[in-house]
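Have a look at coords_4.tsv below; it lists TSV, C-alpha atoms.
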```tsv
chain	number	residue	atom	x	y	z
A	237	MET	CA	13.48	-7.32	23.02
A	238	LEU	CA	15.47	-9.75	20.86
A	239	THR	CA	16.38	-13.27	21.92
A	240	ILE	CA	20.04	-14.27	22.08
A	241	GLU	CA	19.65	-16.14	18.76
A	242	GLN	CA	17.97	-13.17	17.06
A	243	SER	CA	20.57	-10.72	18.35
A	244	LYS	CA	23.47	-12.93	17.23
A	245	ALA	CA	21.92	-13.38	13.78
A	246	SER	CA	21.26	-9.65	13.27
A	247	GLU	CA	24.90	-8.82	14.05
A	248	SER	CA	26.53	-11.70	12.17
A	249	LEU	CA	26.57	-10.10	8.72
A	250	TRP	CA	28.43	-6.99	9.87
A	251	VAL	CA	31.44	-8.68	11.45
A	252	LYS	CA	34.50	-7.90	9.34
A	253	ASN	CA	35.83	-10.84	7.35
A	254	SER	CA	39.60	-11.00	7.86
A	255	ASN	CA	40.32	-13.05	4.70
A	256	GLY	CA	38.79	-10.45	2.39
A	257	GLU	CA	36.12	-12.81	1.02
A	258	ALA	CA	32.39	-12.08	1.00
A	259	THR	CA	30.56	-12.52	4.30
A	260	ILE	CA	27.78	-15.09	3.82
A	261	VAL	CA	25.20	-16.04	6.45
A	262	GLN	CA	22.37	-18.60	6.23
A	263	LEU	CA	19.72	-18.13	8.90
A	264	VAL	CA	17.53	-21.20	9.32
A	265	ALA	CA	14.45	-19.71	10.98
A	266	GLY	CA	11.79	-22.08	12.35
A	267	ALA	CA	8.05	-21.44	12.20
A	268	GLY	CA	6.93	-18.64	14.50
A	269	SER	CA	10.50	-17.71	15.44
A	270	GLY	CA	10.41	-14.04	14.38
A	271	LYS	CA	12.39	-14.24	11.14
A	272	THR	CA	11.01	-10.99	9.71
A	273	THR	CA	11.80	-9.17	12.95
A	274	THR	CA	15.35	-10.52	12.76
A	275	LEU	CA	15.71	-9.56	9.10
A	276	ILE	CA	14.61	-5.99	9.81
A	277	GLN	CA	16.95	-5.85	12.80
A	278	THR	CA	19.82	-7.05	10.60
A	279	LEU	CA	19.12	-4.16	8.23
A	280	GLU	CA	18.96	-1.68	11.10
A	281	THR	CA	22.17	-2.98	12.69
A	282	GLY	CA	24.07	-2.56	9.42
A	283	ILE	CA	22.85	1.01	8.92
A	284	HIS	CA	23.59	1.84	12.57
A	285	ASN	CA	27.13	0.54	12.06
A	286	GLY	CA	27.65	2.89	9.14
A	287	TYR	CA	26.78	0.70	6.14
A	288	ASP	CA	25.42	2.73	3.23
A	289	SER	CA	21.69	1.89	3.06
A	290	SER	CA	21.61	2.63	-0.69
A	291	GLN	CA	23.98	-0.34	-1.15
A	292	ILE	CA	21.55	-2.79	0.47
A	293	CYS	CA	19.24	-4.96	-1.68
A	294	LEU	CA	16.42	-6.75	0.18
A	295	ILE	CA	14.75	-9.46	-1.92
A	296	THR	CA	11.32	-10.92	-1.13
A	297	PHE	CA	9.36	-13.58	-3.00
A	298	THR	CA	5.97	-11.86	-3.21
A	299	ARG	CA	4.75	-8.30	-3.60
A	300	LYS	CA	2.71	-8.78	-0.42
A	301	ALA	CA	5.85	-9.65	1.54
A	302	ALA	CA	7.65	-6.63	0.03
A	303	ALA	CA	4.80	-4.34	1.10
A	304	GLU	CA	4.91	-5.73	4.65
A	305	MET	CA	8.68	-5.28	4.75
A	306	LEU	CA	8.43	-1.67	3.58
A	307	GLU	CA	5.75	-0.96	6.18
A	308	ARG	CA	7.93	-2.32	8.98
A	309	MET	CA	10.92	-0.39	7.71
A	310	LYS	CA	8.90	2.83	7.58
A	311	ALA	CA	7.83	2.32	11.21
A	312	ARG	CA	11.51	2.24	12.19
A	313	ASN	CA	12.59	4.96	9.78
A	314	LEU	CA	14.75	2.58	7.72
A	315	GLN	CA	15.58	2.65	4.02
A	316	ALA	CA	17.37	0.42	1.53
A	317	GLY	CA	18.53	0.72	-2.06
A	318	TYR	CA	16.04	-1.92	-3.19
A	319	VAL	CA	13.13	-3.71	-1.52
A	320	GLY	CA	11.02	-5.95	-3.72
A	321	THR	CA	10.65	-9.27	-5.50
A	322	MET	CA	13.39	-11.08	-7.38
A	323	HIS	CA	11.43	-10.73	-10.62
A	324	ALA	CA	11.08	-6.96	-10.19
A	325	LEU	CA	14.83	-6.75	-9.54
A	326	GLY	CA	15.48	-8.72	-12.73
A	327	TRP	CA	13.23	-6.32	-14.66
A	328	GLN	CA	15.13	-3.35	-13.21
A	329	ILE	CA	18.44	-4.78	-14.43
A	330	ILE	CA	17.08	-5.68	-17.89
A	331	LYS	CA	15.61	-2.21	-18.40
A	332	SER	CA	19.01	-0.68	-17.67
A	333	MET	CA	20.31	-2.15	-20.94
A	334	HIS	CA	20.17	0.17	-23.92
A	335	GLY	CA	17.70	-0.74	-26.63
A	336	PHE	CA	15.57	-3.18	-24.62
A	337	ASN	CA	11.90	-2.73	-25.53
A	338	LYS	CA	10.03	-5.94	-24.73
A	339	LYS	CA	6.88	-6.11	-22.57
A	340	ILE	CA	6.25	-8.50	-19.67
A	341	LEU	CA	3.83	-11.38	-20.18
A	342	LEU	CA	2.16	-11.68	-16.76
A	343	HIS	CA	-0.25	-14.57	-17.36
A	344	LYS	CA	1.80	-17.28	-18.99
A	345	GLU	CA	-0.78	-19.94	-18.07
A	346	ASN	CA	-3.44	-18.30	-20.27
A	347	ILE	CA	-1.25	-18.59	-23.37
A	348	LEU	CA	-0.33	-22.19	-22.55
A	349	TYR	CA	-4.03	-22.91	-22.06
A	350	ASP	CA	-4.82	-21.64	-25.57
A	351	ILE	CA	-1.95	-23.59	-27.13
A	352	ILE	CA	-2.91	-26.85	-25.43
A	353	ARG	CA	-6.57	-26.50	-26.37
A	354	THR	CA	-5.64	-25.72	-30.00
A	355	ASP	CA	-2.67	-28.00	-30.69
A	356	PHE	CA	-3.28	-30.87	-28.25
A	357	LYS	CA	-7.00	-31.55	-28.53
A	358	GLN	CA	-6.55	-35.10	-27.28
A	359	TYR	CA	-6.09	-33.59	-23.81
A	360	SER	CA	-9.00	-31.13	-24.01
A	361	HIS	CA	-10.96	-33.06	-21.37
A	362	ILE	CA	-8.17	-32.66	-18.77
A	363	PRO	CA	-7.66	-29.42	-16.79
A	364	VAL	CA	-4.63	-27.54	-18.12
A	365	ASP	CA	-2.85	-27.37	-14.77
A	366	VAL	CA	-3.12	-31.17	-14.54
A	367	VAL	CA	-1.71	-31.51	-18.07
A	368	LEU	CA	1.24	-29.28	-17.22
A	369	ARG	CA	2.00	-30.80	-13.81
A	370	GLY	CA	0.86	-34.37	-14.30
A	371	ARG	CA	3.63	-35.54	-16.64
A	372	ILE	CA	1.05	-36.34	-19.30
A	373	PHE	CA	3.11	-34.98	-22.21
A	374	ASN	CA	5.79	-37.15	-23.77
A	375	GLU	CA	9.12	-35.58	-24.74
A	376	ASP	CA	8.03	-34.74	-28.29
A	377	GLU	CA	4.85	-33.04	-27.07
A	378	GLN	CA	6.81	-31.04	-24.49
A	379	ASN	CA	9.18	-29.83	-27.19
A	380	ARG	CA	6.26	-28.82	-29.45
A	381	LEU	CA	4.59	-26.89	-26.63
A	382	HIS	CA	7.84	-25.11	-25.75
A	383	TYR	CA	8.51	-24.20	-29.40
A	384	THR	CA	5.00	-22.82	-29.98
A	385	TYR	CA	5.08	-20.82	-26.75
A	386	THR	CA	8.55	-19.41	-27.49
A	387	LEU	CA	7.43	-18.45	-31.00
A	388	TYR	CA	4.39	-16.66	-29.56
A	389	LYS	CA	6.59	-14.59	-27.24
A	390	SER	CA	8.98	-13.72	-30.05
A	391	ASN	CA	6.22	-12.70	-32.47
A	392	ASN	CA	4.60	-10.46	-29.84
A	393	ASN	CA	7.84	-8.98	-28.40
A	394	LEU	CA	7.16	-10.46	-24.95
A	395	ILE	CA	9.24	-11.72	-22.05
A	396	ASP	CA	7.74	-13.83	-19.24
A	397	LEU	CA	8.65	-13.97	-15.55
A	398	ASP	CA	11.01	-16.93	-15.97
A	399	ASP	CA	12.78	-15.07	-18.78
A	400	LEU	CA	13.30	-12.09	-16.45
A	401	ILE	CA	15.50	-14.15	-14.13
A	402	PHE	CA	17.39	-15.89	-16.94
A	403	GLU	CA	18.00	-12.67	-18.90
A	404	ALA	CA	19.04	-10.65	-15.83
A	405	THR	CA	21.52	-13.40	-14.89
A	406	ARG	CA	23.00	-13.37	-18.40
A	407	ILE	CA	23.40	-9.57	-18.25
A	408	LEU	CA	25.13	-9.58	-14.86
A	409	ARG	CA	27.58	-12.27	-15.91
A	410	LYS	CA	28.69	-10.13	-18.83
A	411	ASN	CA	28.22	-6.74	-17.11
A	412	PRO	CA	28.78	-7.17	-13.34
A	413	GLU	CA	28.77	-3.39	-12.90
A	414	LYS	CA	25.04	-3.43	-13.69
A	415	PHE	CA	24.39	-4.71	-10.16
A	416	PRO	CA	24.53	-1.55	-8.02
A	417	TYR	CA	24.35	-3.16	-4.54
A	418	SER	CA	27.06	-4.65	-2.33
A	419	CYS	CA	24.83	-6.25	0.32
A	420	VAL	CA	22.03	-8.72	-0.50
A	421	LEU	CA	19.36	-9.90	1.95
A	422	VAL	CA	17.05	-12.70	0.74
A	423	ASP	CA	13.81	-13.59	2.53
A	424	GLU	CA	11.99	-16.99	2.24
A	425	PHE	CA	15.12	-18.56	0.80
A	426	GLN	CA	13.62	-22.07	0.98
A	427	ASP	CA	11.45	-21.10	-2.02
A	428	THR	CA	14.42	-20.44	-4.32
A	429	SER	CA	14.59	-22.16	-7.72
A	430	PRO	CA	17.83	-23.18	-9.50
A	431	ASP	CA	17.46	-20.23	-11.94
A	432	GLN	CA	17.01	-17.83	-9.02
A	433	LEU	CA	20.08	-19.27	-7.30
A	434	ASP	CA	22.07	-18.61	-10.49
A	435	PHE	CA	20.74	-15.04	-10.41
A	436	ILE	CA	21.99	-14.58	-6.83
A	437	LYS	CA	25.37	-16.09	-7.73
A	438	SER	CA	25.73	-13.60	-10.60
A	439	MET	CA	25.43	-10.64	-8.20
A	440	THR	CA	28.65	-8.89	-7.18
A	441	PHE	CA	27.94	-8.70	-3.46
A	442	LYS	CA	30.30	-8.36	-0.50
A	443	LYS	CA	27.68	-9.52	1.99
A	444	LEU	CA	24.90	-12.10	1.56
A	445	PHE	CA	22.27	-12.93	4.18
A	446	VAL	CA	19.62	-15.57	3.34
A	447	VAL	CA	16.71	-16.39	5.65
A	448	GLY	CA	14.36	-19.34	5.37
A	449	ASP	CA	13.23	-22.69	6.71
A	450	ASP	CA	13.70	-25.84	4.66
A	451	TRP	CA	10.93	-27.46	6.76
A	452	GLN	CA	8.50	-25.04	5.08
A	453	SER	CA	9.57	-25.51	1.45
A	454	ILE	CA	6.24	-26.30	-0.26
A	455	TYR	CA	6.45	-24.68	-3.71
A	456	LYS	CA	8.07	-27.36	-5.84
A	457	PHE	CA	5.30	-26.88	-8.43
A	458	ARG	CA	6.58	-23.31	-8.91
A	459	GLY	CA	10.15	-24.48	-9.40
A	460	ALA	CA	11.42	-24.25	-5.81
A	461	ASP	CA	14.16	-26.74	-4.93
A	462	VAL	CA	14.59	-27.48	-1.22
A	463	GLY	CA	18.05	-28.88	-1.98
A	464	ILE	CA	19.30	-25.32	-2.48
A	465	ALA	CA	18.68	-24.50	1.19
A	466	LEU	CA	19.87	-27.92	2.36
A	467	ASN	CA	23.18	-27.64	0.47
A	468	PHE	CA	23.74	-23.89	0.71
A	469	ASN	CA	27.04	-24.32	2.54
A	470	LYS	CA	28.29	-26.41	-0.41
A	471	THR	CA	27.26	-23.78	-2.98
A	472	PHE	CA	29.18	-20.96	-1.30
A	473	SER	CA	32.39	-21.17	0.71
A	474	GLY	CA	32.72	-19.83	4.23
A	475	VAL	CA	28.99	-19.93	5.01
A	476	GLN	CA	28.00	-19.26	8.61
A	477	ARG	CA	24.80	-21.20	9.39
A	478	LEU	CA	22.74	-19.85	12.29
A	479	PHE	CA	19.36	-20.88	13.72
A	480	LEU	CA	16.20	-19.36	15.20
A	481	THR	CA	14.58	-22.12	17.26
A	482	ASP	CA	12.27	-20.28	19.68
A	483	ASN	CA	8.65	-20.63	18.63
A	484	PHE	CA	6.53	-17.76	20.00
A	485	ARG	CA	3.33	-18.70	18.12
A	486	SER	CA	2.00	-22.09	19.18
A	487	GLN	CA	1.27	-23.89	22.42
A	488	ARG	CA	3.71	-26.59	23.44
A	489	ASN	CA	1.81	-29.67	22.21
A	490	ILE	CA	1.58	-28.19	18.71
A	491	VAL	CA	5.30	-27.33	18.55
A	492	THR	CA	6.18	-30.83	19.80
A	493	LEU	CA	3.95	-32.44	17.17
A	494	GLY	CA	5.59	-30.34	14.44
A	495	ASN	CA	9.06	-31.37	15.59
A	496	LYS	CA	8.00	-35.02	15.33
A	497	ALA	CA	6.13	-34.63	12.02
A	498	ILE	CA	9.14	-33.34	10.09
A	499	LYS	CA	10.97	-36.57	10.94
A	500	LEU	CA	8.63	-38.38	8.55
A	501	SER	CA	10.73	-36.73	5.83
A	502	LYS	CA	14.03	-38.20	4.76
A	503	ASN	CA	15.97	-34.98	4.19
A	504	TYR	CA	15.93	-31.86	6.35
A	505	ILE	CA	18.23	-29.57	8.33
A	506	ARG	CA	18.13	-30.80	11.90
A	507	LYS	CA	16.92	-28.43	14.61
A	508	LYS	CA	14.46	-28.58	17.48
A	509	LEU	CA	11.98	-25.78	18.05
A	510	ARG	CA	11.25	-24.72	21.63
A	511	ALA	CA	7.76	-23.53	22.57
A	512	HIS	CA	7.32	-20.31	24.57
A	513	GLN	CA	3.57	-20.83	25.00
A	514	GLN	CA	2.20	-23.09	27.72
A	515	LYS	CA	0.99	-26.64	27.11
A	516	THR	CA	-2.80	-26.77	26.66
A	517	SER	CA	-5.08	-29.18	24.78
A	518	ARG	CA	-3.70	-32.24	23.01
A	519	PRO	CA	-4.23	-32.29	19.21
A	520	ILE	CA	-7.32	-34.31	18.19
A	521	CYS	CA	-7.70	-36.54	15.15
A	522	HIS	CA	-11.34	-37.05	14.13
A	523	ILE	CA	-11.88	-40.23	12.12
A	524	ALA	CA	-14.80	-41.13	9.85
A	525	ARG	CA	-14.84	-44.89	9.27
A	526	GLN	CA	-16.11	-46.71	6.17
A	527	ASN	CA	-17.03	-43.47	4.45
A	528	GLU	CA	-15.50	-41.49	1.61
A	529	ASP	CA	-18.30	-38.98	0.92
A	530	ILE	CA	-16.52	-35.67	1.69
A	531	SER	CA	-19.72	-33.64	2.06
A	532	LEU	CA	-21.19	-36.18	4.46
A	533	ILE	CA	-17.97	-36.35	6.49
A	534	TRP	CA	-17.89	-32.55	6.80
A	535	ARG	CA	-21.52	-32.46	7.96
A	536	LEU	CA	-20.79	-35.26	10.42
A	537	TYR	CA	-17.92	-33.30	11.94
A	538	LEU	CA	-20.05	-30.16	12.26
A	539	GLU	CA	-22.94	-31.97	13.92
A	540	LYS	CA	-20.97	-34.34	16.16
A	541	TYR	CA	-18.22	-31.96	17.26
A	542	PHE	CA	-17.95	-28.39	15.97
A	543	TYR	CA	-21.34	-27.01	17.08
A	544	LYS	CA	-20.59	-28.23	20.63
A	545	SER	CA	-16.95	-27.09	20.62
A	546	LYS	CA	-15.62	-24.02	22.44
A	547	TYR	CA	-12.80	-23.59	19.90
A	548	LYS	CA	-14.19	-20.91	17.59
A	549	PRO	CA	-13.59	-19.31	15.16
A	550	LEU	CA	-12.12	-22.20	13.21
A	551	THR	CA	-9.79	-22.13	10.20
A	552	VAL	CA	-10.05	-25.22	7.99
A	553	LEU	CA	-6.92	-26.02	5.99
A	554	VAL	CA	-7.28	-28.35	3.01
A	555	ARG	CA	-4.84	-29.95	0.59
A	556	THR	CA	-6.61	-29.15	-2.69
A	557	ASN	CA	-8.94	-26.54	-4.17
A	558	HIS	CA	-11.38	-29.35	-5.01
A	559	ILE	CA	-11.90	-30.11	-1.32
A	560	ARG	CA	-11.96	-26.40	-0.48
A	561	LYS	CA	-14.96	-25.91	-2.77
A	562	ILE	CA	-16.83	-28.84	-1.19
A	563	VAL	CA	-16.27	-27.54	2.34
A	564	GLU	CA	-17.16	-23.97	1.37
A	565	SER	CA	-20.47	-25.16	-0.08
A	566	ILE	CA	-21.57	-26.08	3.47
A	567	ILE	CA	-19.96	-23.24	5.40
A	568	PRO	CA	-21.31	-22.34	8.89
A	569	GLU	CA	-20.68	-19.24	10.92
A	570	ASN	CA	-17.22	-18.89	12.54
A	571	VAL	CA	-15.57	-21.09	9.90
A	572	SER	CA	-13.15	-20.05	7.15
A	573	VAL	CA	-11.48	-22.33	4.59
A	574	MET	CA	-8.23	-22.10	2.64
A	575	THR	CA	-5.61	-24.36	1.10
A	576	ILE	CA	-2.43	-25.10	3.04
A	577	HIS	CA	-0.41	-23.33	0.35
A	578	SER	CA	-2.50	-20.17	0.81
A	579	SER	CA	-2.04	-20.27	4.59
A	580	LYS	CA	1.76	-20.08	4.40
A	581	GLY	CA	3.06	-17.23	6.57
A	582	MET	CA	-0.24	-16.90	8.47
A	583	GLU	CA	-1.40	-18.00	11.93
A	584	PHE	CA	-4.77	-18.83	13.47
A	585	GLU	CA	-6.13	-19.53	16.95
A	586	ASN	CA	-7.87	-22.81	16.03
A	587	VAL	CA	-7.01	-24.99	13.03
A	588	LEU	CA	-8.63	-28.08	11.51
A	589	ILE	CA	-6.49	-29.91	8.92
A	590	PHE	CA	-9.19	-31.50	6.74
A	591	GLY	CA	-8.58	-34.47	4.45
A	592	ILE	CA	-6.06	-36.89	5.93
A	593	ALA	CA	-7.06	-39.63	3.52
A	594	ASP	CA	-5.70	-42.10	0.98
A	595	HIS	CA	-4.33	-40.31	-2.14
A	596	VAL	CA	-5.55	-36.94	-0.76
A	597	PHE	CA	-2.95	-36.09	1.90
A	598	PRO	CA	-0.23	-37.04	1.21
A	599	HIS	CA	-1.24	-36.36	-2.38
A	600	ARG	CA	-0.52	-39.14	-4.83
A	601	TRP	CA	0.94	-36.80	-7.48
A	602	ASN	CA	3.49	-35.04	-5.29
A	603	ASP	CA	6.85	-35.86	-3.75
A	604	TYR	CA	6.30	-37.49	-0.35
A	605	ASN	CA	8.94	-35.39	1.42
A	606	GLU	CA	7.21	-32.20	0.28
A	607	GLU	CA	3.88	-33.60	1.48
A	608	VAL	CA	5.49	-33.99	4.91
A	609	ARG	CA	6.58	-30.35	4.77
A	610	LEU	CA	3.01	-29.39	3.83
A	611	LEU	CA	1.80	-31.28	6.90
A	612	TYR	CA	4.35	-29.40	8.99
A	613	VAL	CA	3.27	-26.01	7.59
A	614	ALA	CA	-0.39	-26.85	8.31
A	615	ILE	CA	0.38	-27.93	11.89
A	616	THR	CA	2.38	-24.79	12.65
A	617	ARG	CA	-0.37	-22.39	11.55
A	618	ALA	CA	-2.23	-23.22	14.80
A	619	LYS	CA	-1.69	-21.16	17.93
A	620	LYS	CA	-3.93	-22.79	20.55
A	621	ASN	CA	-6.01	-25.67	19.23
A	622	LEU	CA	-5.20	-28.19	16.49
A	623	GLU	CA	-7.47	-30.85	14.98
A	624	PHE	CA	-7.28	-33.28	12.06
A	625	LEU	CA	-10.17	-34.82	10.12
A	626	SER	CA	-9.53	-38.08	8.32
A	627	TRP	CA	-11.58	-40.72	6.59
A	628	GLU	CA	-10.67	-44.34	5.98
A	629	THR	CA	-11.89	-47.83	5.22
A	630	ASP	CA	-10.43	-51.16	6.30
A	631	THR	CA	-8.03	-51.15	3.36
A	632	LYS	CA	-7.62	-47.46	2.42
A	633	TYR	CA	-6.17	-44.78	4.67
A	634	SER	CA	-3.54	-42.03	4.59
A	635	SER	CA	0.08	-42.98	5.21
A	636	PHE	CA	0.08	-40.14	7.78
A	637	MET	CA	-2.50	-41.98	9.92
A	638	PRO	CA	-0.11	-44.19	11.94
A	639	PHE	CA	1.75	-41.02	13.00
A	640	LEU	CA	-1.46	-39.22	14.01
A	641	VAL	CA	-2.86	-42.27	15.81
A	642	LYS	CA	0.32	-42.41	17.87
A	643	HIS	CA	0.51	-38.71	18.80
A	644	CYS	CA	-3.10	-37.42	18.86
A	645	LYS	CA	-6.24	-37.97	20.86
A	646	LEU	CA	-8.67	-39.96	18.68
A	647	ASN	CA	-12.35	-39.19	18.17
A	648	TYR	CA	-14.44	-41.51	15.99
A	649	LEU	CA	-17.26	-39.59	14.36
A	650	ASN	CA	-19.36	-42.66	13.50
```
Let me see the structure of the file written as structure tokens.
Amino acid sequence: MLTIEQSKASESLWVKNSNGEATIVQLVAGAGSGKTTTLIQTLETGIHNGYDSSQICLITFTRKAAAEMLERMKARNLQAGYVGTMHALGWQIIKSMHGFNKKILLHKENILYDIIRTDFKQYSHIPVDVVLRGRIFNEDEQNRLHYTYTLYKSNNNLIDLDDLIFEATRILRKNPEKFPYSCVLVDEFQDTSPDQLDFIKSMTFKKLFVVGDDWQSIYKFRGADVGIALNFNKTFSGVQRLFLTDNFRSQRNIVTLGNKAIKLSKNYIRKKLRAHQQKTSRPICHIARQNEDISLIWRLYLEKYFYKSKYKPLTVLVRTNHIRKIVESIIPENVSVMTIHSSKGMEFENVLIFGIADHVFPHRWNDYNEEVRLLYVAITRAKKNLEFLSWETDTKYSSFMPFLVKHCKLNYLN
């Protein structure tokens, strides 16, 4: 049974547009609000109303999401002209051009690693991902890296994933007939990059339906730009913006905390999620004072709280892979660990957000507003029980701590 919001959204794309322009809908779907269910229902409603399913293109951002979408469609006996990632769609369009014979380079980072280690030996002591993301290169060094990498691709007849989007966009602008679909559905739209937006704009669609939640835009390091979702109604004319605001996942205290957490950001689409689960335990913030030894803090939490707790199994969400490895080295039964980025799209009964600490979370090398969205994503993975684990000294503590002190029950571990 669909909610009123879900039903309205699934029908919105198929209402005839009297002015003859394309019908464009932006669905802002909050965490746990059933966005995939609504997207599938939108597809089914269109087919039921007589829209040619072979004209429908459903774009996802990962192969895993595409597989899930196809599985749900199969269960309801639904089909579409295309279901898959944006990169795979770009490859399909490029291959349609006569004479194209390049191969895809899947692991760009490996080539960049070799180039940096060979041509920039002064940075050999720094992890490559830090070199690439940490703004260590000056402009001249960036240009040299780009030139060497481009030359490598040319010499080996290769095209990388970024090139797929750029090249497919160029083709469609010159040959619009190469896009064989008239209806485009885009999932996880908050993860769109400027190049991917240009790709969408180059498509000759009559109907466009984008689904996402700007509050959960956490992939800036992959090129995602939250401003695309925020300003979507300025990019296209006649956009109808709809919302899904019923959260079916989390108990009420968790939903309320998420609604308050996003306000730490300075730029977001305003909405208020409503919880459908009952109010249970208040979120707890565990605090280790005058200690910054992560291993010791983790052991302290296990001994002072977890072994006595009824909330098991427990999923520990961490900000970085470095902390993940430390926690995993002392892993007890009924505990699993993953980064917040890896947890996106998942849900767990009991969640501990580990590492609310100075320079750790929010991370010193990332945009603060995206760190707030990471906090929101972590909070909204929890269904029943939510905890935080922080460490601080008299002079060093996370800028998230005043918020947590105000809204959580506090438990000092030492």
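Proximity to Phe297 of chain A at 8 Å, evaluated using all atoms listed in the file and with sequence-adjacent residues fewer than 5 positions away removed, yields Ala302, Gly320, Thr321, Met322, Asp423, Glu424 and Asp427 of chain A.
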Can you write just those residues out, C-alpha atoms, as a short mmCIF file (atom, residue, chain, number, x, y, z; two decimals), in the coordinates of the input?
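What follows is the written file out_39.cif:
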```cif
data_model
loop_
_atom_site.label_atom_id
_atom_site.label_comp_id
_atom_site.auth_asym_id
_atom_site.auth_seq_id
_atom_site.Cartn_x
_atom_site.Cartn_y
_atom_site.Cartn_z
CA ALA A 302 7.65 -6.63 0.03
CA GLY A 320 11.02 -5.95 -3.72
CA THR A 321 10.65 -9.27 -5.50
CA MET A 322 13.39 -11.08 -7.38
CA ASP A 423 13.81 -13.59 2.53
CA GLU A 424 11.99 -16.99 2.24
CA ASP A 427 11.45 -21.10 -2.02
#
```
Rows by chain and residue number, segment 407-507 of chain A within 9 Å of segment 273-287 of chain A, shortest pair, all atoms listed in the file, as CSV:
```
residue,atom,partner,partner_atom,distance
A:Leu421,CA,A:Leu275,CA,8.0
A:Asp423,CA,A:Leu275,CA,7.9
A:Phe445,CA,A:Leu275,CA,8.9
A:Val447,CA,A:Leu275,CA,7.7
```
Written selection (C-alpha atoms) as an mmCIF file, keeping the file's coordinate frame:
```cif
data_model
loop_
_atom_site.group_PDB
_atom_site.id
_atom_site.type_symbol
_atom_site.label_atom_id
_atom_site.label_comp_id
_atom_site.auth_asym_id
_atom_site.auth_seq_id
_atom_site.Cartn_x
_atom_site.Cartn_y
_atom_site.Cartn_z
ATOM 1 C CA LEU A 421 19.360 -9.900 1.950
ATOM 2 C CA ASP A 423 13.810 -13.590 2.530
ATOM 3 C CA PHE A 445 22.270 -12.930 4.180
ATOM 4 C CA VAL A 447 16.710 -16.390 5.650
#
```
Report as CSV the residues of segment 254-367 of chain A within 9 Å of segment 483-492 of chain A, each with its shortest atom pair and distance in Å (one decimal), using only C-alpha atoms, ordered by chain and increasing residue number.
```
residue,atom,partner,partner_atom,distance
A:Gly266,CA,A:Asn483,CA,7.2
A:Ala267,CA,A:Asn483,CA,6.5
A:Gly268,CA,A:Asn483,CA,4.9
A:Ser269,CA,A:Asn483,CA,4.7
A:Gly270,CA,A:Phe484,CA,7.8
```
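Nearest residue to Ser473 of chain A among A:Leu325, A:Leu444, A:Tyr612, A:Leu536 is A:Leu444, counting all atoms listed in the file.
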Just checking: using all atoms listed in the file, which residue out of A:Lys544, A:Lys470, A:His361, A:Arg525 ends up closest to Thr631 of chain A?
A:Arg525
Given all atoms listed in the file as the counted atoms, nearest of A:Asn557, A:Thr551, A:Asn411, A:Asn393 to Ser572 of chain A
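The closest residue to Ser572 of chain A is A:Thr551.
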For Trp451 of chain A, which residue among A:Leu408, A:Leu622, A:Val608, A:Leu314 is the nearest when counting all atoms listed in the file?
A:Val608
Excluding segment 441-443 of chain A and any residue of its chain fewer than 3 positions from it, enumerate the residues within 6 Å of it, using only C-alpha atoms, and give them as a list in words.
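With the cut-off at 6 Å, the set is Ala258, Thr259, Ile260, Ser418 and Cys419 of chain A.
Minimum atom-to-atom distances from A:Leu400, A:Val613, A:Leu368, A:Thr272 to Leu348 of chain A were compared using only C-alpha atoms, and the lowest value belongs to A:Leu368.
Coordinates place atom CA of Ile401 of chain A at a distance of 15.9 Å from atom CA of Lys389 of chain A.
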In terms of the shortest atom-to-atom distance over all atoms listed in the file, which of A:Leu381, A:Leu553, A:Ala311, A:Met333 is closest to Glu403 of chain A?
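Counting all atoms listed in the file, the residue closest to Glu403 of chain A is A:Met333.
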List the residues sitting within 10 Å of (-11.1, -43.0, 1.5) in the file's frame, using all atoms listed in the file, as a ChimeraX atom specification.
/A:524-530,591-596,626-634
Just how far from atom CA of Asp461 of chain A is atom CA of Ile330 of chain A, in Å to one decimal?
24.9 Å
Around the point (-0.2, -33.4, 1.1) (coordinates from the file), which residues reach within 7 Å if we count only C-alpha atoms? Answer as an NGL selection string.
:A and (555 or 596-599 or 607-608 or 610-611)
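Pairwise distance (atom CA of Pro519 of chain A, atom CA of Lys548 of chain A) equals 15.2 Å.
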Counting only C-alpha atoms, what is within 12 Å of Gly326 of chain A, bar same-chain residues fewer than 3 positions away, as a PyMOL selection string?
chain A and resi 295+318+320-323+329-333+340+395-408+414-415+431-432+435-436+438-439
Write out as a tab-separated table (two decimals) with C-alpha atoms, keeping the file's coordinate frame each polymer residue whose atoms come within 12 Å of Phe356 of chain A, counting all atoms listed in the file; drop sequence neighbours fewer than 3 positions from it.
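Written file, result.tsv:
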```tsv
chain	number	residue	atom	x	y	z
A	348	LEU	CA	-0.33	-22.19	-22.55
A	349	TYR	CA	-4.03	-22.91	-22.06
A	350	ASP	CA	-4.82	-21.64	-25.57
A	351	ILE	CA	-1.95	-23.59	-27.13
A	352	ILE	CA	-2.91	-26.85	-25.43
A	353	ARG	CA	-6.57	-26.50	-26.37
A	359	TYR	CA	-6.09	-33.59	-23.81
A	360	SER	CA	-9.00	-31.13	-24.01
A	361	HIS	CA	-10.96	-33.06	-21.37
A	362	ILE	CA	-8.17	-32.66	-18.77
A	364	VAL	CA	-4.63	-27.54	-18.12
A	367	VAL	CA	-1.71	-31.51	-18.07
A	372	ILE	CA	1.05	-36.34	-19.30
A	373	PHE	CA	3.11	-34.98	-22.21
A	374	ASN	CA	5.79	-37.15	-23.77
A	376	ASP	CA	8.03	-34.74	-28.29
A	377	GLU	CA	4.85	-33.04	-27.07
A	378	GLN	CA	6.81	-31.04	-24.49
A	380	ARG	CA	6.26	-28.82	-29.45
A	381	LEU	CA	4.59	-26.89	-26.63
A	384	THR	CA	5.00	-22.82	-29.98
```
